[in-house]
Each structure stands twice: as C-alpha cells, then as structure tokens.
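Trainee: Structure: query.txt, compact mmCIF, C-alpha atoms.
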```txt
# COMPACT_ATOMS: atom_id res chain seq x y z
CA ASN A 203 53.03 -106.46 -78.20
CA ALA A 204 49.65 -104.80 -78.81
CA GLY A 205 47.52 -107.60 -77.31
CA VAL A 206 44.03 -107.60 -78.83
CA THR A 207 43.19 -104.89 -81.34
CA GLN A 208 39.80 -104.05 -82.84
CA THR A 209 38.70 -101.88 -85.74
CA PRO A 210 36.82 -99.64 -86.08
CA LYS A 211 36.44 -97.97 -82.67
CA PHE A 212 33.12 -96.36 -83.60
CA GLN A 213 30.58 -97.03 -86.33
CA VAL A 214 27.14 -95.73 -87.21
CA LEU A 215 24.97 -97.78 -89.55
CA LYS A 216 21.50 -97.47 -90.98
CA THR A 217 19.06 -100.33 -90.55
CA GLY A 218 19.72 -102.98 -93.18
CA GLN A 219 23.34 -102.05 -93.85
CA SER A 220 26.11 -104.59 -93.41
CA MET A 221 29.54 -104.33 -91.88
CA THR A 222 32.42 -106.39 -90.55
CA LEU A 223 34.17 -105.83 -87.24
CA GLN A 224 37.81 -106.82 -87.28
CA CYS A 225 39.81 -108.33 -84.43
CA ALA A 226 43.43 -109.41 -84.25
CA GLN A 227 45.67 -110.72 -81.45
CA ASP A 228 49.43 -111.04 -81.33
CA MET A 229 49.72 -113.31 -78.27
CA ASN A 230 49.69 -116.57 -80.25
CA HIS A 231 46.42 -117.53 -78.58
CA ASN A 232 44.38 -120.41 -79.92
CA SER A 233 40.92 -119.30 -78.80
CA MET A 234 39.04 -116.13 -79.68
CA TYR A 235 35.64 -114.74 -78.72
CA TRP A 236 33.14 -112.04 -79.64
CA TYR A 237 30.95 -110.44 -76.95
CA ARG A 238 28.43 -107.66 -76.81
CA GLN A 239 27.92 -105.35 -73.84
CA ASP A 240 24.61 -103.61 -73.29
CA PRO A 241 23.75 -101.09 -70.55
CA GLY A 242 22.84 -102.72 -67.25
CA MET A 243 23.76 -106.19 -68.47
CA GLY A 244 26.79 -108.40 -68.32
CA LEU A 245 28.79 -109.21 -71.41
CA ARG A 246 27.18 -111.88 -73.54
CA LEU A 247 28.99 -114.26 -75.85
CA ILE A 248 28.03 -114.07 -79.52
CA TYR A 249 30.44 -116.56 -81.10
CA TYR A 250 33.72 -118.16 -80.23
CA SER A 251 36.51 -120.00 -82.00
CA ALA A 252 38.23 -122.64 -79.90
CA SER A 253 41.03 -122.97 -82.44
CA GLU A 254 41.90 -121.98 -85.99
CA GLY A 255 39.38 -123.45 -88.38
CA THR A 256 36.52 -123.85 -85.88
CA THR A 257 33.70 -121.54 -84.83
CA ASP A 258 30.71 -122.12 -82.55
CA LYS A 259 27.65 -120.21 -81.43
CA GLY A 260 27.50 -118.56 -78.07
CA GLU A 261 24.56 -117.18 -76.14
CA VAL A 262 23.28 -114.59 -78.65
CA PRO A 263 24.37 -115.55 -82.20
CA ASN A 264 21.27 -114.50 -84.18
CA GLY A 265 21.99 -111.81 -86.77
CA TYR A 266 25.75 -112.39 -86.76
CA ASN A 267 28.32 -114.44 -88.62
CA VAL A 268 31.99 -114.95 -87.90
CA SER A 269 35.14 -115.95 -89.72
CA ARG A 270 38.36 -117.22 -88.16
CA LEU A 271 40.60 -115.98 -90.95
CA ASN A 272 43.79 -117.38 -89.42
CA LYS A 273 45.22 -117.90 -85.94
CA ARG A 274 45.52 -114.14 -85.36
CA GLU A 275 42.27 -112.79 -86.81
CA PHE A 276 38.61 -113.30 -85.97
CA SER A 277 35.97 -111.14 -87.67
CA LEU A 278 32.31 -110.52 -86.84
CA ARG A 279 29.85 -109.68 -89.61
CA LEU A 280 26.44 -108.09 -89.40
CA GLU A 281 24.67 -108.91 -92.65
CA SER A 282 21.60 -106.69 -92.16
CA ALA A 283 21.99 -104.44 -89.14
CA ALA A 284 19.03 -103.81 -86.83
CA PRO A 285 18.60 -101.21 -84.05
CA SER A 286 18.68 -104.08 -81.52
CA GLN A 287 22.31 -104.63 -82.49
CA THR A 288 23.30 -101.22 -81.14
CA SER A 289 25.89 -102.17 -78.56
CA VAL A 290 29.56 -102.21 -77.66
CA TYR A 291 31.35 -105.21 -79.14
CA PHE A 292 34.40 -106.76 -77.54
CA CYS A 293 36.76 -109.30 -78.97
CA ALA A 294 38.79 -111.47 -76.58
CA SER A 295 41.40 -114.21 -76.82
CA SER A 296 42.85 -116.89 -74.57
CA LYS A 297 45.59 -119.50 -74.89
CA GLN A 298 43.09 -122.32 -74.92
CA THR A 299 39.49 -122.81 -73.98
CA GLY A 300 38.85 -124.14 -70.49
CA ARG A 301 40.02 -121.91 -67.66
CA ASP A 302 42.58 -119.68 -69.34
CA THR A 303 42.33 -115.94 -68.80
CA GLN A 304 40.56 -114.08 -71.58
CA TYR A 305 42.21 -110.85 -72.73
CA PHE A 306 39.91 -108.22 -74.17
CA GLY A 307 40.28 -105.66 -76.92
CA PRO A 308 39.25 -102.01 -76.52
CA GLY A 309 35.82 -102.49 -78.06
CA THR A 310 33.79 -101.17 -81.00
CA ARG A 311 30.84 -98.90 -80.25
CA LEU A 312 28.17 -99.57 -82.88
CA THR A 313 25.00 -97.54 -83.35
CA VAL A 314 22.29 -98.72 -85.74
CA LEU A 315 19.76 -96.05 -86.68
CA LYS B 257 19.87 -120.63 -64.67
CA ASN B 258 23.47 -119.45 -64.33
CA GLN B 259 23.52 -115.94 -62.92
CA VAL B 260 25.93 -113.46 -61.37
CA GLU B 261 24.54 -110.55 -59.39
CA GLN B 262 26.56 -107.61 -58.13
CA SER B 263 25.90 -104.91 -55.59
CA PRO B 264 25.82 -102.03 -55.35
CA GLN B 265 25.19 -100.95 -58.93
CA SER B 266 27.19 -97.79 -58.31
CA LEU B 267 29.26 -96.32 -55.53
CA ILE B 268 30.92 -92.98 -54.82
CA ILE B 269 33.77 -92.74 -52.33
CA LEU B 270 36.41 -90.19 -51.42
CA GLU B 271 40.02 -90.68 -52.37
CA GLY B 272 41.91 -92.61 -49.71
CA LYS B 273 38.85 -94.45 -48.39
CA ASN B 274 38.26 -98.18 -48.56
CA CYS B 275 35.31 -99.92 -50.16
CA THR B 276 33.92 -103.41 -50.68
CA LEU B 277 31.99 -104.66 -53.69
CA GLN B 278 29.76 -107.73 -53.52
CA CYS B 279 29.05 -110.59 -55.90
CA ASN B 280 26.56 -113.47 -55.53
CA TYR B 281 26.46 -116.24 -58.07
CA THR B 282 24.39 -119.25 -58.97
CA VAL B 283 26.64 -121.01 -61.47
CA SER B 284 27.08 -124.73 -61.83
CA PRO B 285 29.40 -126.43 -62.30
CA PHE B 286 31.81 -123.88 -60.88
CA SER B 287 35.39 -123.58 -62.15
CA ASN B 288 36.72 -120.26 -60.95
CA LEU B 289 35.74 -116.68 -60.19
CA ARG B 290 37.46 -113.60 -61.52
CA TRP B 291 37.19 -109.90 -60.90
CA TYR B 292 37.76 -107.67 -63.90
CA LYS B 293 38.31 -103.90 -63.97
CA GLN B 294 36.85 -102.00 -66.90
CA ASP B 295 37.90 -98.39 -67.43
CA THR B 296 35.49 -96.19 -69.37
CA GLY B 297 35.83 -96.86 -73.09
CA ARG B 298 38.18 -99.79 -72.59
CA GLY B 299 37.94 -103.56 -72.46
CA PRO B 300 37.85 -105.48 -69.15
CA VAL B 301 41.19 -106.41 -67.55
CA SER B 302 41.55 -109.36 -65.17
CA LEU B 303 42.43 -108.41 -61.56
CA THR B 304 42.19 -111.69 -59.66
CA ILE B 305 41.22 -115.31 -60.16
CA MET B 306 40.14 -117.75 -57.45
CA THR B 307 39.37 -121.43 -57.68
CA PHE B 308 37.05 -123.41 -55.43
CA SER B 309 39.75 -124.06 -52.83
CA GLU B 310 40.98 -120.47 -52.55
CA ASN B 311 39.20 -118.06 -50.25
CA THR B 312 41.34 -114.95 -50.69
CA LYS B 313 43.57 -113.45 -53.35
CA SER B 314 45.33 -110.10 -53.42
CA ASN B 315 46.63 -107.92 -56.22
CA GLY B 316 48.17 -104.80 -54.76
CA ARG B 317 45.42 -102.75 -53.13
CA TYR B 318 42.77 -105.17 -54.40
CA THR B 319 41.78 -108.15 -52.26
CA ALA B 320 39.16 -110.63 -53.40
CA THR B 321 37.45 -113.19 -51.19
CA LEU B 322 35.43 -116.24 -52.09
CA ASP B 323 32.97 -118.25 -50.00
CA ALA B 324 32.14 -121.25 -52.16
CA ASP B 325 29.61 -122.53 -49.64
CA THR B 326 27.42 -119.43 -49.77
CA LYS B 327 28.42 -118.65 -53.37
CA GLN B 328 29.52 -115.15 -52.53
CA SER B 329 32.58 -113.11 -53.39
CA SER B 330 33.76 -109.65 -52.50
CA LEU B 331 36.37 -107.25 -53.82
CA HIS B 332 37.93 -104.93 -51.27
CA ILE B 333 39.80 -101.85 -52.44
CA THR B 334 42.15 -100.27 -49.92
CA ALA B 335 43.25 -96.62 -49.88
CA SER B 336 41.37 -95.80 -53.06
CA GLN B 337 42.92 -93.65 -55.77
CA LEU B 338 41.34 -91.58 -58.52
CA SER B 339 42.55 -94.18 -61.01
CA ASP B 340 40.35 -96.77 -59.31
CA SER B 341 37.32 -95.08 -60.89
CA ALA B 342 35.99 -97.80 -63.18
CA SER B 343 33.46 -100.60 -63.42
CA TYR B 344 34.32 -103.78 -61.55
CA ILE B 345 32.89 -106.94 -63.01
CA CYS B 346 32.50 -110.29 -61.26
CA VAL B 347 32.86 -113.19 -63.70
CA VAL B 348 32.30 -116.90 -63.04
CA ASN B 349 33.82 -119.55 -65.27
CA VAL B 350 31.62 -122.57 -65.88
CA ALA B 351 33.58 -125.81 -65.56
CA GLY B 352 34.08 -127.90 -68.67
CA GLY B 353 33.47 -126.91 -72.24
CA TYR B 354 34.84 -123.89 -74.01
CA ASN B 355 35.75 -121.40 -71.28
CA LYS B 356 32.20 -120.17 -70.80
CA LEU B 357 32.06 -117.04 -68.68
CA ILE B 358 29.02 -115.67 -66.86
CA PHE B 359 29.38 -111.93 -66.35
CA GLY B 360 27.80 -109.75 -63.73
CA ALA B 361 26.51 -106.33 -64.77
CA GLY B 362 29.28 -104.64 -62.80
CA THR B 363 29.60 -102.05 -60.05
CA ARG B 364 30.48 -98.57 -61.24
CA LEU B 365 32.90 -96.98 -58.77
CA ALA B 366 33.66 -93.26 -58.74
CA VAL B 367 36.50 -92.01 -56.56
CA HIS B 368 36.29 -88.30 -55.86
CA PRO B 369 39.13 -86.08 -54.60
```
Would you put the structure from the file into structure tokens?

Mentor:
Amino acid sequence: NAGVTQTPKFQVLKTGQSMTLQCAQDMNHNSMYWYRQDPGMGLRLIYYSASEGTTDKGEVPNGYNVSRLNKREFSLRLESAAPSQTSVYFCASSKQTGRDTQYFGPGTRLTVL
Amino acid sequence: KNQVEQSPQSLIILEGKNCTLQCNYTVSPFSNLRWYKQDTGRGPVSLTIMTFSENTKSNGRYTATLDADTKQSSLHITASQLSDSASYICVVNVAGGYNKLIFGAGTRLAVHP
C-alpha cells in the first residue's frame, strides 16, 4: 500500500515549456487535490476532483489544467511554464470531500528558469 | 478573509525538552482543526484533528488544544526527540463544500542533541 505517489520528484523547465505532473493513489479514495507550497506561505489549492469525472478550480488555478484519468490518477498540466510557477507541488487524496483526512504525496519540486 | 497564523516561525530546542507551538485562526464557518507534521522533502502527515466541541487531543508525545472561543490552538511536544525536527502546520477545515483547507505557513522546529 504505497498511499499517494507522485512523479517526477524533481523537474527543471525553461519558460514556455510544458509538462505534466502525475499523481496516483491506491487507497480507493474518491477525492483528489493538487496544491502548491511556496516559501513562507501555506499550501494553496490549485484544483480538486471531488469524484471521478469531475474537476473544479481551487484558489490558484491560473496557468494549470487537470485531468482525472480514472479513480486512481489525477494529473496536473502546465501548458506554458512561467518562473512564477516555481514551487513544490503536492497531490493529496481523501475518501470523500467534506471533513475526511487528506493524505499527501511526497511532492514534486519544480523550477522554471 | 479566512486566515491561519502560526508562531513562532522557527524554533530551536534541545533534545528532551518540551515546546509549544501556537496557531490563531479566523476561519468561518469552522469545521475542524488539524495539526500536520511535514518532514523536509516530504508531504504533510496528519497528527491530530479536533472539532468544535473538543478542546484537547493527544497522539503520543503530541498534545493539541483548541479554544474555539478565542480561535486559538496549540501543539505541545513533550520530551522532544531528534526525529521531531520538522515543520508543523496548523490547518483549519472550512465547513461545507469540498473539504476546503486553510493552511498556516508552519513552524519549523529543530531539535538539537
């Protein structure tokens, strides 16, 4: 039982390049989330998926797109990376939305030059 | 505006000593409050959860308190160990909706031998 896994662990991009961050969970959770963590700030929600087949914007969605591929997988895409997107990205999952505990992956450290 | 503020930003203590971390929040409507531990290079892991009616919750050497009237919480660590070195994040769950979490910026704790 690996919990929440993310790939890659590290990535360096040039401004304007695109990439997809992958996330998978093996806990049979319905809800999944993408966050970013910047120095001196709390985690901020980018997008979430309450259940398979649905996605919704969070607090900071601009510049990102997501795909809930199936119940296990939730990907985050940067179409044209910008230096402001340099951050650590965390994927999380929970049984349902509401008050259920969110379980976090190990993170992807992204640098955009 | 929903906010979670933590103090101190960082703290250094000697192994075996106790410490207390503080959290003040202005979140409405309130559902619950969690403390997460985040080791360097890892994702956050839930330590405790408290609802409005609970004023204390323990998890081993970690004891969290909640004063819903003053909107304050604390995390007390007893007999600290080197493995307690991490960031501790106070997180408030907004009632209703999709499991919206408001994250504090965290307190970075270093335990020295």

Trainee: Pick the closest to Leu278 in chain A from A:Asn203, A:Thr217, A:Thr222, A:Ser233: which is it, counting only C-alpha atoms?

Mentor: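 Among the listed residues, A:Thr222 lies closest to Leu278 in chain A.
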
Trainee: Would you please work out which residue, of A:Gly265, A:Gly260, A:Pro308, A:Gly255, is nearest to chain B when using all atoms listed in the file?

Mentor: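 Ranked by minimum distance to chain B, first place goes to A:Pro308.
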
Trainee: Please return as a PDB file with C-alpha atoms, keeping the file's coordinate frame every residue within 9 Å of (40.2, -117.8, -68.3), taking into account only C-alpha atoms and the file's own coordinates.

Mentor:
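Once written, part.pdb looks like this:
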```
ATOM      1  CA  SER A 296      42.850-116.890 -74.570  1.00  0.00           C
ATOM      2  CA  LYS A 297      45.590-119.500 -74.890  1.00  0.00           C
ATOM      3  CA  GLN A 298      43.090-122.320 -74.920  1.00  0.00           C
ATOM      4  CA  THR A 299      39.490-122.810 -73.980  1.00  0.00           C
ATOM      5  CA  GLY A 300      38.850-124.140 -70.490  1.00  0.00           C
ATOM      6  CA  ARG A 301      40.020-121.910 -67.660  1.00  0.00           C
ATOM      7  CA  ASP A 302      42.580-119.680 -69.340  1.00  0.00           C
ATOM      8  CA  THR A 303      42.330-115.940 -68.800  1.00  0.00           C
ATOM      9  CA  GLN A 304      40.560-114.080 -71.580  1.00  0.00           C
ATOM     10  CA  TYR A 305      42.210-110.850 -72.730  1.00  0.00           C
TER      11      TYR A 305
ATOM     12  CA  ASN B 288      36.720-120.260 -60.950  1.00  0.00           C
ATOM     13  CA  ARG B 290      37.460-113.600 -61.520  1.00  0.00           C
ATOM     14  CA  ILE B 305      41.220-115.310 -60.160  1.00  0.00           C
ATOM     15  CA  ASN B 349      33.820-119.550 -65.270  1.00  0.00           C
ATOM     16  CA  ASN B 355      35.750-121.400 -71.280  1.00  0.00           C
ATOM     17  CA  LYS B 356      32.200-120.170 -70.800  1.00  0.00           C
ATOM     18  CA  LEU B 357      32.060-117.040 -68.680  1.00  0.00           C
TER      19      LEU B 357
END
```

Trainee: Quick one: residues within 9 Å of Thr313 in chain A, all atoms listed in the file counted, chain neighbours fewer than 4 positions away excluded, as a short mmCIF file (atom, residue, chain, number, x, y, z; two decimals) with C-alpha atoms, keeping the file's coordinate frame?

Mentor:
```cif
data_model
loop_
_atom_site.label_atom_id
_atom_site.label_comp_id
_atom_site.auth_asym_id
_atom_site.auth_seq_id
_atom_site.Cartn_x
_atom_site.Cartn_y
_atom_site.Cartn_z
CA PHE A 212 33.12 -96.36 -83.60
CA GLN A 213 30.58 -97.03 -86.33
CA VAL A 214 27.14 -95.73 -87.21
CA LEU A 215 24.97 -97.78 -89.55
CA LYS A 216 21.50 -97.47 -90.98
CA PRO A 285 18.60 -101.21 -84.05
CA GLN A 287 22.31 -104.63 -82.49
CA THR A 288 23.30 -101.22 -81.14
CA SER A 289 25.89 -102.17 -78.56
CA VAL A 290 29.56 -102.21 -77.66
#
```

Trainee: Find the residues in chain B near chain A: any atom within 8 Å counts, using only C-alpha atoms. Write them as a list in words.

Mentor: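 Residues of chain B within 8 Å of chain A, counting only C-alpha atoms: Ser287, Asn288, Gly297, Arg298, Gly299, Pro300, Val301, Ser302, Asn349, Ala351, Gly352, Gly353, Tyr354, Asn355, Lys356, Ile358, Phe359, Gly360, Ala361 and Gly362 of chain B.
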
Trainee: Using Å and a single decimal, report how far CA of Cys279 in chain B sits from CA of Asn258 in chain B.

Mentor: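 Distance reported for this atom pair: 13.4 Å.
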
Trainee: May I have the residues within 9 Å of Asn272 in chain A as number ranges by chain, using all atoms listed in the file and disregarding those fewer than 3 positions away in the same chain?

Mentor: A: 254-255, 269, 275-276

Trainee: When you look at Leu289 in chain B with a cut-off of 8 Å (counting all atoms listed in the file), what residues show up, excluding the ones that are within fewer than 4 positions of it in the same chain? I need them as a PDB file with C-alpha atoms, in the coordinates of the input.

Mentor:
```pdb
ATOM      1  CA  ILE B 305      41.220-115.310 -60.160  1.00  0.00           C
ATOM      2  CA  MET B 306      40.140-117.750 -57.450  1.00  0.00           C
ATOM      3  CA  THR B 307      39.370-121.430 -57.680  1.00  0.00           C
ATOM      4  CA  CYS B 346      32.500-110.290 -61.260  1.00  0.00           C
ATOM      5  CA  VAL B 347      32.860-113.190 -63.700  1.00  0.00           C
ATOM      6  CA  VAL B 348      32.300-116.900 -63.040  1.00  0.00           C
ATOM      7  CA  ASN B 349      33.820-119.550 -65.270  1.00  0.00           C
TER       8      ASN B 349
END
```

Trainee: Between CA of Leu270 in chain B and CA of Gln294 in chain B, what is the distance, to one decimal in Å?

Mentor: 19.5 Å
